[in-house]
2 protein chains.
Amino acid sequence: MLAYKEADGTFRSVTRQVLADAEHGQGSSLRYFEVGVGGHTTLEHHEHTHVVIPIRGIGAALVEDRIVPLAQHDVVFVPSWGWHQFRNTGDEPFGFLCAVTAERDRPVRPTPEQIAAFEQDPAIAEFIRY
Amino acid sequence: MLAYKEADGTFRSVTRQVLADAEHGQGSSLRYFEVGVGGHTTLEHHEHTHVVIPIRGIGAALVEDRIVPLAQHDVVFVPSWGWHQFRNTGDEPFGFLCAVTAERDRPVRPTPEQIAAFEQDPAIAEFIRY
């Protein structure tokens with residue numbers, strides 16, 4: 001289990017485990033993320049896509065311009081360059097599987113201009129953490 | 001939800017749902033299989049690999065030359081050309097996620113000679129269905 005990224009303040013209470021990677025012959029990686037109570041992942045976007053399946057607890061996500069509730073065994077697709085952030089909205093850890101390509105670009109965080117654009121939507125403004 | 005393959009008698013009580021596929025930009029497919037009580041998948045092998053994560057019920061698998069018990073959130077890797085078969089060993093549906101490459105070769109079933117080889121191992125002989 002790894003602490004997720006550097007402790008740069010953009011996320012809170014997140015751990016990551018790599019379950020399968022390039023050596024498993026699929027060109028993709030399968031990871032398990034767990035977000036503690038009150039925690040959230042980094043608000044970001046990138047060229048590579050995500051396929052996310054919650055398997056523990058409950059949460060919610062910003063996916064592009066929508067806030068979606070997440071429960072176990074939902075399937076969420078984050079398209080290329082779609083903004084996204086995952087939050088634990090329950091009172092136990094929120095865990096999800098996340099598939100990505102093994103080779104992938106680095107995530108990009110929002111500029112102040114993008115944050116200002118998010119703030120135009122009250123639901124998004126209330127949801128995001130950055 | 002699709003019936004799994006043709007009803008050729010090599011499997012029993014299996015459904016398949018494709019959760020993500022090539023159009024999701026990862027070169028891989030993520031499927032959900034559910035095996036009914038008393039059911040099993042086809043005994044087969046192929047060049048492409050599997051990463052399998054049970055998310056409902058309990059089961060067991062032949063993976064190469066071992067029988068492994070399976071519970072929720074285990075992670076099973078089936079290597080290239082590894083023989084495999086999944087069985088439901090519980091009293092409720094046994095469901096698992098299975099990742100594969102989007103482009104992949106066709107499964108190959110055991111020859112009578114391979115079956116005879118399996119039968120040399122009492123644990124495998126007792127486990128397999130074909």
# chains A, B, ... in the order shown; residues from 1 in each chain; ligands from 1
$ interface_residues --of "chain B" --to "chain A" --cutoff "12 Å" --atoms "only C-alpha atoms" --output "number ranges by chain"
B: 17-32, 47-56, 72-81, 95-104
$ residues_around --residues "Leu62 of chain B" --least-positions-apart "4" --cutoff "8 Å" --atoms "only C-alpha atoms" --output "JSON, numbers by chain"
{"B": [66, 67, 68, 83, 84, 85, 86, 124, 127, 128]}
$ select_by_dssp --residues "segment 3-128 of chain B" --states "alpha helix (DSSP H)" --output "NGL selection string"
:B and (112-118 or 122-127)
$ calpha_fit_and_write --fixed "chain B" --moving "chain A" --output "JSON list (two decimals) with N, CA and C atoms, in the first residue's frame"
[["chain", "number", "residue", "atom", "x", "y", "z"],
["A", 1, "MET", "N", -26.83, -8.03, -20.43],
["A", 1, "MET", "CA", -26.31, -9.31, -19.95],
["A", 1, "MET", "C", -26.43, -10.34, -21.07],
["A", 2, "LEU", "N", -25.38, -11.07, -21.27],
["A", 2, "LEU", "CA", -25.34, -12.04, -22.34],
["A", 2, "LEU", "C", -25.19, -13.43, -21.76],
["A", 3, "ALA", "N", -25.80, -14.40, -22.38],
["A", 3, "ALA", "CA", -25.44, -15.77, -22.06],
["A", 3, "ALA", "C", -23.98, -15.93, -22.50],
["A", 4, "TYR", "N", -23.22, -16.66, -21.75],
["A", 4, "TYR", "CA", -21.78, -16.74, -21.96],
["A", 4, "TYR", "C", -21.51, -17.78, -23.05],
["A", 5, "LYS", "N", -20.94, -17.32, -24.18],
["A", 5, "LYS", "CA", -20.62, -18.18, -25.31],
["A", 5, "LYS", "C", -21.87, -18.93, -25.81],
["A", 6, "GLU", "N", -21.64, -19.90, -26.60],
["A", 6, "GLU", "CA", -22.73, -20.76, -27.03],
["A", 6, "GLU", "C", -22.99, -21.80, -25.95],
["A", 7, "ALA", "N", -24.18, -22.32, -25.96],
["A", 7, "ALA", "CA", -24.52, -23.34, -24.97],
["A", 7, "ALA", "C", -23.96, -24.68, -25.43],
["A", 8, "ASP", "N", -22.64, -24.82, -25.28],
["A", 8, "ASP", "CA", -21.95, -25.98, -25.85],
["A", 8, "ASP", "C", -21.71, -27.08, -24.84],
["A", 9, "GLY", "N", -22.22, -26.87, -23.60],
["A", 9, "GLY", "CA", -22.09, -27.92, -22.60],
["A", 9, "GLY", "C", -20.80, -27.88, -21.81],
["A", 10, "THR", "N", -19.87, -26.97, -22.18],
["A", 10, "THR", "CA", -18.59, -26.92, -21.46],
["A", 10, "THR", "C", -18.65, -26.03, -20.23],
["A", 11, "PHE", "N", -19.72, -25.23, -20.11],
["A", 11, "PHE", "CA", -19.90, -24.38, -18.94],
["A", 11, "PHE", "C", -21.31, -24.59, -18.43],
["A", 12, "ARG", "N", -21.60, -24.02, -17.24],
["A", 12, "ARG", "CA", -22.93, -24.19, -16.66],
["A", 12, "ARG", "C", -23.29, -22.95, -15.86],
["A", 13, "SER", "N", -24.44, -22.34, -16.21],
["A", 13, "SER", "CA", -25.03, -21.26, -15.41],
["A", 13, "SER", "C", -24.11, -20.05, -15.29],
["A", 14, "VAL", "N", -23.69, -19.51, -16.44],
["A", 14, "VAL", "CA", -22.76, -18.37, -16.47],
["A", 14, "VAL", "C", -23.37, -17.25, -17.30],
["A", 15, "THR", "N", -23.35, -16.03, -16.76],
["A", 15, "THR", "CA", -23.71, -14.85, -17.55],
["A", 15, "THR", "C", -22.51, -13.89, -17.58],
["A", 16, "ARG", "N", -22.52, -13.03, -18.60],
["A", 16, "ARG", "CA", -21.41, -12.10, -18.79],
["A", 16, "ARG", "C", -21.95, -10.72, -19.12],
["A", 17, "GLN", "N", -21.38, -9.68, -18.51],
["A", 17, "GLN", "CA", -21.68, -8.30, -18.89],
["A", 17, "GLN", "C", -20.37, -7.59, -19.21],
["A", 18, "VAL", "N", -20.33, -6.89, -20.31],
["A", 18, "VAL", "CA", -19.14, -6.11, -20.66],
["A", 18, "VAL", "C", -19.28, -4.73, -20.03],
["A", 19, "LEU", "N", -18.37, -4.37, -19.14],
["A", 19, "LEU", "CA", -18.43, -3.10, -18.41],
["A", 19, "LEU", "C", -17.65, -2.00, -19.13],
["A", 20, "ALA", "N", -16.55, -2.37, -19.77],
["A", 20, "ALA", "CA", -15.73, -1.40, -20.50],
["A", 20, "ALA", "C", -15.04, -2.17, -21.61],
["A", 21, "ASP", "N", -14.81, -1.48, -22.75],
["A", 21, "ASP", "CA", -14.23, -2.19, -23.89],
["A", 21, "ASP", "C", -13.28, -1.25, -24.64],
["A", 22, "ALA", "N", -12.90, -1.61, -25.84],
["A", 22, "ALA", "CA", -11.89, -0.85, -26.57],
["A", 22, "ALA", "C", -12.23, 0.63, -26.68],
["A", 23, "GLU", "N", -13.52, 0.94, -26.80],
["A", 23, "GLU", "CA", -13.90, 2.35, -26.97],
["A", 23, "GLU", "C", -13.61, 3.18, -25.73],
["A", 24, "HIS", "N", -13.25, 2.57, -24.63],
["A", 24, "HIS", "CA", -12.91, 3.32, -23.43],
["A", 24, "HIS", "C", -11.42, 3.65, -23.34],
["A", 25, "GLY", "N", -10.69, 3.35, -24.42],
["A", 25, "GLY", "CA", -9.36, 3.94, -24.58],
["A", 25, "GLY", "C", -8.23, 3.28, -23.81],
["A", 26, "GLN", "N", -8.44, 2.05, -23.36],
["A", 26, "GLN", "CA", -7.37, 1.41, -22.59],
["A", 26, "GLN", "C", -6.84, 0.16, -23.27],
["A", 27, "GLY", "N", -7.38, -0.19, -24.42],
["A", 27, "GLY", "CA", -6.91, -1.40, -25.11],
["A", 27, "GLY", "C", -7.32, -2.67, -24.39],
["A", 28, "SER", "N", -8.14, -2.53, -23.38],
["A", 28, "SER", "CA", -8.55, -3.70, -22.60],
["A", 28, "SER", "C", -10.06, -3.69, -22.41],
["A", 29, "SER", "N", -10.56, -4.83, -21.96],
["A", 29, "SER", "CA", -11.99, -4.98, -21.69],
["A", 29, "SER", "C", -12.14, -5.42, -20.24],
["A", 30, "LEU", "N", -13.19, -4.90, -19.61],
["A", 30, "LEU", "CA", -13.50, -5.31, -18.25],
["A", 30, "LEU", "C", -14.89, -5.91, -18.28],
["A", 31, "ARG", "N", -14.99, -7.15, -17.83],
["A", 31, "ARG", "CA", -16.27, -7.86, -17.88],
["A", 31, "ARG", "C", -16.66, -8.29, -16.47],
["A", 32, "TYR", "N", -17.97, -8.49, -16.28],
["A", 32, "TYR", "CA", -18.47, -9.06, -15.03],
["A", 32, "TYR", "C", -19.13, -10.39, -15.36],
["A", 33, "PHE", "N", -18.62, -11.45, -14.77],
["A", 33, "PHE", "CA", -19.19, -12.79, -14.94],
["A", 33, "PHE", "C", -19.92, -13.16, -13.65],
["A", 34, "GLU", "N", -21.03, -13.84, -13.83],
["A", 34, "GLU", "CA", -21.70, -14.39, -12.66],
["A", 34, "GLU", "C", -22.02, -15.85, -12.92],
["A", 35, "VAL", "N", -21.62, -16.67, -11.97],
["A", 35, "VAL", "CA", -21.78, -18.12, -12.06],
["A", 35, "VAL", "C", -22.82, -18.53, -11.03],
["A", 36, "GLY", "N", -23.89, -19.15, -11.48],
["A", 36, "GLY", "CA", -24.96, -19.57, -10.58],
["A", 36, "GLY", "C", -24.52, -20.69, -9.65],
["A", 37, "VAL", "N", -25.38, -20.97, -8.67],
["A", 37, "VAL", "CA", -25.08, -22.05, -7.72],
["A", 37, "VAL", "C", -24.88, -23.35, -8.49],
["A", 38, "GLY", "N", -23.78, -24.02, -8.21],
["A", 38, "GLY", "CA", -23.47, -25.28, -8.90],
["A", 38, "GLY", "C", -22.84, -25.09, -10.27],
["A", 39, "GLY", "N", -22.64, -23.84, -10.68],
["A", 39, "GLY", "CA", -22.15, -23.59, -12.04],
["A", 39, "GLY", "C", -20.63, -23.50, -12.14],
["A", 40, "HIS", "N", -20.18, -23.44, -13.39],
["A", 40, "HIS", "CA", -18.74, -23.35, -13.67],
["A", 40, "HIS", "C", -18.52, -22.75, -15.05],
["A", 41, "THR", "N", -17.35, -22.13, -15.23],
["A", 41, "THR", "CA", -16.96, -21.64, -16.55],
["A", 41, "THR", "C", -16.29, -22.77, -17.33],
["A", 42, "THR", "N", -15.99, -22.48, -18.59],
["A", 42, "THR", "CA", -15.35, -23.49, -19.45],
["A", 42, "THR", "C", -13.89, -23.69, -19.03],
["A", 43, "LEU", "N", -13.46, -24.92, -19.00],
["A", 43, "LEU", "CA", -12.04, -25.26, -18.78],
["A", 43, "LEU", "C", -11.30, -24.98, -20.08],
["A", 44, "GLU", "N", -10.34, -24.03, -20.04],
["A", 44, "GLU", "CA", -9.70, -23.58, -21.28],
["A", 44, "GLU", "C", -8.37, -22.91, -20.99],
["A", 45, "HIS", "N", -7.63, -22.63, -22.06],
["A", 45, "HIS", "CA", -6.45, -21.77, -21.96],
["A", 45, "HIS", "C", -6.30, -21.01, -23.28],
["A", 46, "HIS", "N", -5.41, -19.97, -23.25],
["A", 46, "HIS", "CA", -5.23, -19.09, -24.40],
["A", 46, "HIS", "C", -4.01, -18.22, -24.16],
["A", 47, "GLU", "N", -3.59, -17.54, -25.22],
["A", 47, "GLU", "CA", -2.39, -16.70, -25.08],
["A", 47, "GLU", "C", -2.66, -15.49, -24.17],
["A", 48, "HIS", "N", -3.82, -14.89, -24.30],
["A", 48, "HIS", "CA", -4.09, -13.68, -23.50],
["A", 48, "HIS", "C", -4.25, -14.03, -22.01],
["A", 49, "THR", "N", -4.03, -13.03, -21.18],
["A", 49, "THR", "CA", -4.05, -13.22, -19.73],
["A", 49, "THR", "C", -5.39, -12.76, -19.15],
["A", 50, "HIS", "N", -5.62, -13.15, -17.91],
["A", 50, "HIS", "CA", -6.78, -12.66, -17.16],
["A", 50, "HIS", "C", -6.32, -12.05, -15.84],
["A", 51, "VAL", "N", -6.98, -10.99, -15.43],
["A", 51, "VAL", "CA", -6.91, -10.53, -14.04],
["A", 51, "VAL", "C", -8.33, -10.60, -13.52],
["A", 52, "VAL", "N", -8.53, -11.39, -12.47],
["A", 52, "VAL", "CA", -9.88, -11.69, -11.97],
["A", 52, "VAL", "C", -10.00, -11.23, -10.51],
["A", 53, "ILE", "N", -11.11, -10.54, -10.22],
["A", 53, "ILE", "CA", -11.39, -10.08, -8.85],
["A", 53, "ILE", "C", -12.83, -10.46, -8.50],
["A", 54, "PRO", "N", -13.01, -11.43, -7.60],
["A", 54, "PRO", "CA", -14.37, -11.76, -7.16],
["A", 54, "PRO", "C", -14.99, -10.60, -6.40],
["A", 55, "ILE", "N", -16.27, -10.33, -6.67],
["A", 55, "ILE", "CA", -16.97, -9.27, -5.93],
["A", 55, "ILE", "C", -18.31, -9.74, -5.36],
["A", 56, "ARG", "N", -18.67, -11.00, -5.57],
["A", 56, "ARG", "CA", -19.92, -11.53, -5.00],
["A", 56, "ARG", "C", -19.76, -13.02, -4.76],
["A", 57, "GLY", "N", -20.19, -13.47, -3.57],
["A", 57, "GLY", "CA", -20.20, -14.90, -3.29],
["A", 57, "GLY", "C", -18.80, -15.47, -3.13],
["A", 58, "ILE", "N", -18.72, -16.79, -3.21],
["A", 58, "ILE", "CA", -17.44, -17.47, -3.09],
["A", 58, "ILE", "C", -17.32, -18.51, -4.20],
["A", 59, "GLY", "N", -16.06, -18.86, -4.50],
["A", 59, "GLY", "CA", -15.82, -19.84, -5.54],
["A", 59, "GLY", "C", -14.46, -20.47, -5.38],
["A", 60, "ALA", "N", -14.04, -21.12, -6.43],
["A", 60, "ALA", "CA", -12.69, -21.69, -6.48],
["A", 60, "ALA", "C", -12.30, -21.75, -7.94],
["A", 61, "ALA", "N", -10.99, -21.84, -8.18],
["A", 61, "ALA", "CA", -10.52, -21.90, -9.55],
["A", 61, "ALA", "C", -9.37, -22.88, -9.69],
["A", 62, "LEU", "N", -9.35, -23.53, -10.84],
["A", 62, "LEU", "CA", -8.11, -24.13, -11.32],
["A", 62, "LEU", "C", -7.34, -23.03, -12.02],
["A", 63, "VAL", "N", -6.09, -22.79, -11.58],
["A", 63, "VAL", "CA", -5.20, -21.84, -12.25],
["A", 63, "VAL", "C", -3.88, -22.57, -12.47],
["A", 64, "GLU", "N", -3.58, -22.88, -13.71],
["A", 64, "GLU", "CA", -2.45, -23.74, -14.07],
["A", 64, "GLU", "C", -2.64, -25.10, -13.39],
["A", 65, "ASP", "N", -1.81, -25.43, -12.41],
["A", 65, "ASP", "CA", -1.92, -26.75, -11.78],
["A", 65, "ASP", "C", -2.36, -26.68, -10.32],
["A", 66, "ARG", "N", -3.00, -25.55, -9.97],
["A", 66, "ARG", "CA", -3.43, -25.40, -8.57],
["A", 66, "ARG", "C", -4.91, -25.11, -8.48],
["A", 67, "ILE", "N", -5.51, -25.58, -7.39],
["A", 67, "ILE", "CA", -6.90, -25.24, -7.08],
["A", 67, "ILE", "C", -6.84, -24.17, -5.99],
["A", 68, "VAL", "N", -7.43, -23.00, -6.27],
["A", 68, "VAL", "CA", -7.35, -21.90, -5.31],
["A", 68, "VAL", "C", -8.76, -21.48, -4.88],
["A", 69, "PRO", "N", -8.98, -21.33, -3.57],
["A", 69, "PRO", "CA", -10.27, -20.82, -3.10],
["A", 69, "PRO", "C", -10.34, -19.32, -3.40],
["A", 70, "LEU", "N", -11.54, -18.82, -3.64],
["A", 70, "LEU", "CA", -11.71, -17.41, -4.02],
["A", 70, "LEU", "C", -12.80, -16.77, -3.19],
["A", 71, "ALA", "N", -12.46, -15.64, -2.60],
["A", 71, "ALA", "CA", -13.44, -14.84, -1.86],
["A", 71, "ALA", "C", -13.40, -13.42, -2.38],
["A", 72, "GLN", "N", -14.35, -12.62, -1.93],
["A", 72, "GLN", "CA", -14.46, -11.25, -2.44],
["A", 72, "GLN", "C", -13.17, -10.47, -2.26],
["A", 73, "HIS", "N", -12.79, -9.80, -3.33],
["A", 73, "HIS", "CA", -11.66, -8.87, -3.36],
["A", 73, "HIS", "C", -10.31, -9.56, -3.38],
["A", 74, "ASP", "N", -10.29, -10.88, -3.54],
["A", 74, "ASP", "CA", -9.04, -11.54, -3.93],
["A", 74, "ASP", "C", -8.67, -11.05, -5.32],
["A", 75, "VAL", "N", -7.40, -11.20, -5.69],
["A", 75, "VAL", "CA", -6.95, -10.86, -7.04],
["A", 75, "VAL", "C", -6.24, -12.08, -7.61],
["A", 76, "VAL", "N", -6.71, -12.58, -8.74],
["A", 76, "VAL", "CA", -6.17, -13.79, -9.36],
["A", 76, "VAL", "C", -5.60, -13.42, -10.72],
["A", 77, "PHE", "N", -4.37, -13.85, -10.97],
["A", 77, "PHE", "CA", -3.76, -13.65, -12.28],
["A", 77, "PHE", "C", -3.68, -15.00, -12.99],
["A", 78, "VAL", "N", -4.26, -15.06, -14.19],
["A", 78, "VAL", "CA", -4.14, -16.25, -15.03],
["A", 78, "VAL", "C", -3.13, -15.92, -16.12],
["A", 79, "PRO", "N", -1.94, -16.54, -16.08],
["A", 79, "PRO", "CA", -0.89, -16.18, -17.05],
["A", 79, "PRO", "C", -1.21, -16.73, -18.44],
["A", 80, "SER", "N", -0.44, -16.26, -19.40],
["A", 80, "SER", "CA", -0.59, -16.71, -20.79],
["A", 80, "SER", "C", -0.50, -18.22, -20.86],
["A", 81, "TRP", "N", -1.47, -18.84, -21.50],
["A", 81, "TRP", "CA", -1.56, -20.29, -21.69],
["A", 81, "TRP", "C", -1.75, -21.08, -20.40],
["A", 82, "GLY", "N", -2.12, -20.39, -19.34],
["A", 82, "GLY", "CA", -2.43, -21.12, -18.11],
["A", 82, "GLY", "C", -3.84, -21.70, -18.18],
["A", 83, "TRP", "N", -3.94, -22.99, -17.90],
["A", 83, "TRP", "CA", -5.28, -23.60, -17.85],
["A", 83, "TRP", "C", -6.07, -22.97, -16.72],
["A", 84, "HIS", "N", -7.39, -22.80, -16.92],
["A", 84, "HIS", "CA", -8.20, -22.21, -15.85],
["A", 84, "HIS", "C", -9.67, -22.60, -15.99],
["A", 85, "GLN", "N", -10.30, -22.69, -14.84],
["A", 85, "GLN", "CA", -11.74, -22.92, -14.76],
["A", 85, "GLN", "C", -12.21, -22.36, -13.41],
["A", 86, "PHE", "N", -13.36, -21.68, -13.43],
["A", 86, "PHE", "CA", -13.91, -21.07, -12.21],
["A", 86, "PHE", "C", -15.20, -21.80, -11.84],
["A", 87, "ARG", "N", -15.35, -22.11, -10.56],
["A", 87, "ARG", "CA", -16.57, -22.77, -10.08],
["A", 87, "ARG", "C", -17.16, -22.00, -8.91],
["A", 88, "ASN", "N", -18.47, -21.98, -8.86],
["A", 88, "ASN", "CA", -19.18, -21.46, -7.69],
["A", 88, "ASN", "C", -19.19, -22.55, -6.63],
["A", 89, "THR", "N", -18.65, -22.26, -5.45],
["A", 89, "THR", "CA", -18.63, -23.26, -4.37],
["A", 89, "THR", "C", -19.56, -22.86, -3.22],
["A", 90, "GLY", "N", -20.37, -21.82, -3.44],
["A", 90, "GLY", "CA", -21.25, -21.35, -2.37],
["A", 90, "GLY", "C", -22.71, -21.59, -2.68],
["A", 91, "ASP", "N", -23.56, -20.94, -1.90],
["A", 91, "ASP", "CA", -25.00, -21.12, -2.07],
["A", 91, "ASP", "C", -25.67, -19.85, -2.55],
["A", 92, "GLU", "N", -24.89, -18.94, -3.14],
["A", 92, "GLU", "CA", -25.44, -17.75, -3.80],
["A", 92, "GLU", "C", -24.62, -17.54, -5.07],
["A", 93, "PRO", "N", -25.04, -16.64, -5.97],
["A", 93, "PRO", "CA", -24.25, -16.43, -7.19],
["A", 93, "PRO", "C", -22.80, -16.02, -6.87],
["A", 94, "PHE", "N", -21.89, -16.49, -7.69],
["A", 94, "PHE", "CA", -20.47, -16.16, -7.56],
["A", 94, "PHE", "C", -20.13, -15.21, -8.71],
["A", 95, "GLY", "N", -19.81, -13.96, -8.35],
["A", 95, "GLY", "CA", -19.56, -12.95, -9.39],
["A", 95, "GLY", "C", -18.14, -12.45, -9.34],
["A", 96, "PHE", "N", -17.56, -12.23, -10.51],
["A", 96, "PHE", "CA", -16.19, -11.71, -10.54],
["A", 96, "PHE", "C", -15.97, -10.80, -11.73],
["A", 97, "LEU", "N", -15.12, -9.80, -11.52],
["A", 97, "LEU", "CA", -14.63, -8.95, -12.60],
["A", 97, "LEU", "C", -13.48, -9.68, -13.28],
["A", 98, "CYS", "N", -13.38, -9.52, -14.60],
["A", 98, "CYS", "CA", -12.31, -10.17, -15.36],
["A", 98, "CYS", "C", -11.81, -9.21, -16.43],
["A", 99, "ALA", "N", -10.54, -8.83, -16.33],
["A", 99, "ALA", "CA", -9.92, -7.93, -17.30],
["A", 99, "ALA", "C", -9.13, -8.74, -18.33],
["A", 100, "VAL", "N", -9.27, -8.32, -19.58],
["A", 100, "VAL", "CA", -8.54, -8.95, -20.71],
["A", 100, "VAL", "C", -8.16, -7.86, -21.71],
["A", 101, "THR", "N", -7.24, -8.17, -22.61],
["A", 101, "THR", "CA", -6.97, -7.26, -23.71],
["A", 101, "THR", "C", -8.17, -7.25, -24.65],
["A", 102, "ALA", "N", -8.43, -6.09, -25.25],
["A", 102, "ALA", "CA", -9.58, -5.98, -26.16],
["A", 102, "ALA", "C", -9.39, -6.89, -27.38],
["A", 103, "GLU", "N", -8.17, -6.92, -27.90],
["A", 103, "GLU", "CA", -7.84, -7.85, -28.99],
["A", 103, "GLU", "C", -7.20, -9.07, -28.37],
["A", 104, "ARG", "N", -7.79, -10.24, -28.65],
["A", 104, "ARG", "CA", -7.26, -11.43, -27.98],
["A", 104, "ARG", "C", -7.55, -12.68, -28.80],
["A", 105, "ASP", "N", -6.79, -13.71, -28.51],
["A", 105, "ASP", "CA", -6.95, -14.98, -29.24],
["A", 105, "ASP", "C", -8.13, -15.78, -28.68],
["A", 106, "ARG", "N", -8.55, -16.76, -29.46],
["A", 106, "ARG", "CA", -9.68, -17.58, -29.06],
["A", 106, "ARG", "C", -9.23, -18.63, -28.04],
["A", 107, "PRO", "N", -10.09, -18.90, -27.05],
["A", 107, "PRO", "CA", -9.75, -19.94, -26.06],
["A", 107, "PRO", "C", -9.63, -21.31, -26.71],
["A", 108, "VAL", "N", -8.77, -22.12, -26.14],
["A", 108, "VAL", "CA", -8.55, -23.50, -26.59],
["A", 108, "VAL", "C", -8.95, -24.44, -25.46],
["A", 109, "ARG", "N", -9.75, -25.45, -25.78],
["A", 109, "ARG", "CA", -10.18, -26.42, -24.78],
["A", 109, "ARG", "C", -9.20, -27.60, -24.74],
["A", 110, "PRO", "N", -9.21, -28.31, -23.63],
["A", 110, "PRO", "CA", -8.22, -29.40, -23.50],
["A", 110, "PRO", "C", -8.50, -30.56, -24.45],
["A", 111, "THR", "N", -7.42, -31.14, -24.95],
["A", 111, "THR", "CA", -7.52, -32.37, -25.74],
["A", 111, "THR", "C", -7.76, -33.55, -24.79],
["A", 112, "PRO", "N", -8.16, -34.69, -25.31],
["A", 112, "PRO", "CA", -8.27, -35.88, -24.45],
["A", 112, "PRO", "C", -6.95, -36.19, -23.74],
["A", 113, "GLU", "N", -5.81, -35.94, -24.41],
["A", 113, "GLU", "CA", -4.52, -36.19, -23.77],
["A", 113, "GLU", "C", -4.32, -35.25, -22.59],
["A", 114, "GLN", "N", -4.75, -33.98, -22.74],
["A", 114, "GLN", "CA", -4.61, -33.04, -21.63],
["A", 114, "GLN", "C", -5.52, -33.43, -20.47],
["A", 115, "ILE", "N", -6.73, -33.84, -20.80],
["A", 115, "ILE", "CA", -7.64, -34.31, -19.75],
["A", 115, "ILE", "C", -7.01, -35.48, -18.99],
["A", 116, "ALA", "N", -6.41, -36.40, -19.72],
["A", 116, "ALA", "CA", -5.75, -37.54, -19.07],
["A", 116, "ALA", "C", -4.64, -37.07, -18.15],
["A", 117, "ALA", "N", -3.92, -36.02, -18.57],
["A", 117, "ALA", "CA", -2.87, -35.47, -17.72],
["A", 117, "ALA", "C", -3.46, -34.85, -16.45],
["A", 118, "PHE", "N", -4.56, -34.10, -16.61],
["A", 118, "PHE", "CA", -5.23, -33.53, -15.43],
["A", 118, "PHE", "C", -5.64, -34.65, -14.45],
["A", 119, "GLU", "N", -6.10, -35.76, -15.01],
["A", 119, "GLU", "CA", -6.64, -36.82, -14.16],
["A", 119, "GLU", "C", -5.56, -37.49, -13.31],
["A", 120, "GLN", "N", -4.30, -37.21, -13.63],
["A", 120, "GLN", "CA", -3.22, -37.76, -12.82],
["A", 120, "GLN", "C", -3.15, -37.11, -11.44],
["A", 121, "ASP", "N", -3.73, -35.93, -11.31],
["A", 121, "ASP", "CA", -3.70, -35.20, -10.03],
["A", 121, "ASP", "C", -5.08, -35.32, -9.40],
["A", 122, "PRO", "N", -5.21, -36.03, -8.28],
["A", 122, "PRO", "CA", -6.55, -36.26, -7.72],
["A", 122, "PRO", "C", -7.31, -34.98, -7.42],
["A", 123, "ALA", "N", -6.63, -33.95, -6.92],
["A", 123, "ALA", "CA", -7.33, -32.71, -6.58],
["A", 123, "ALA", "C", -7.88, -32.04, -7.84],
["A", 124, "ILE", "N", -7.09, -32.05, -8.90],
["A", 124, "ILE", "CA", -7.56, -31.46, -10.16],
["A", 124, "ILE", "C", -8.66, -32.32, -10.77],
["A", 125, "ALA", "N", -8.45, -33.63, -10.72],
["A", 125, "ALA", "CA", -9.46, -34.54, -11.29],
["A", 125, "ALA", "C", -10.81, -34.34, -10.64],
["A", 126, "GLU", "N", -10.79, -34.11, -9.32],
["A", 126, "GLU", "CA", -12.04, -33.93, -8.58],
["A", 126, "GLU", "C", -12.67, -32.58, -8.93],
["A", 127, "PHE", "N", -11.83, -31.60, -9.25],
["A", 127, "PHE", "CA", -12.32, -30.23, -9.42],
["A", 127, "PHE", "C", -12.90, -29.96, -10.80],
["A", 128, "ILE", "N", -12.25, -30.41, -11.82],
["A", 128, "ILE", "CA", -12.60, -29.95, -13.17],
["A", 128, "ILE", "C", -13.92, -30.52, -13.68],
["A", 129, "ARG", "N", -14.55, -29.72, -14.54],
["A", 129, "ARG", "CA", -15.79, -30.10, -15.24],
["A", 129, "ARG", "C", -15.52, -29.83, -16.72],
["A", 130, "TYR", "N", -15.88, -30.76, -17.57],
["A", 130, "TYR", "CA", -15.63, -30.55, -18.99],
["A", 130, "TYR", "C", -16.58, -31.35, -19.84]]
$ select_by_dssp --residues "chain B" --states "strand (DSSP E)" --output "NGL selection string"
:B and (2-3 or 12-20 or 28-40 or 50-56 or 59-63 or 66-70 or 76-78 or 84-88 or 94-101)
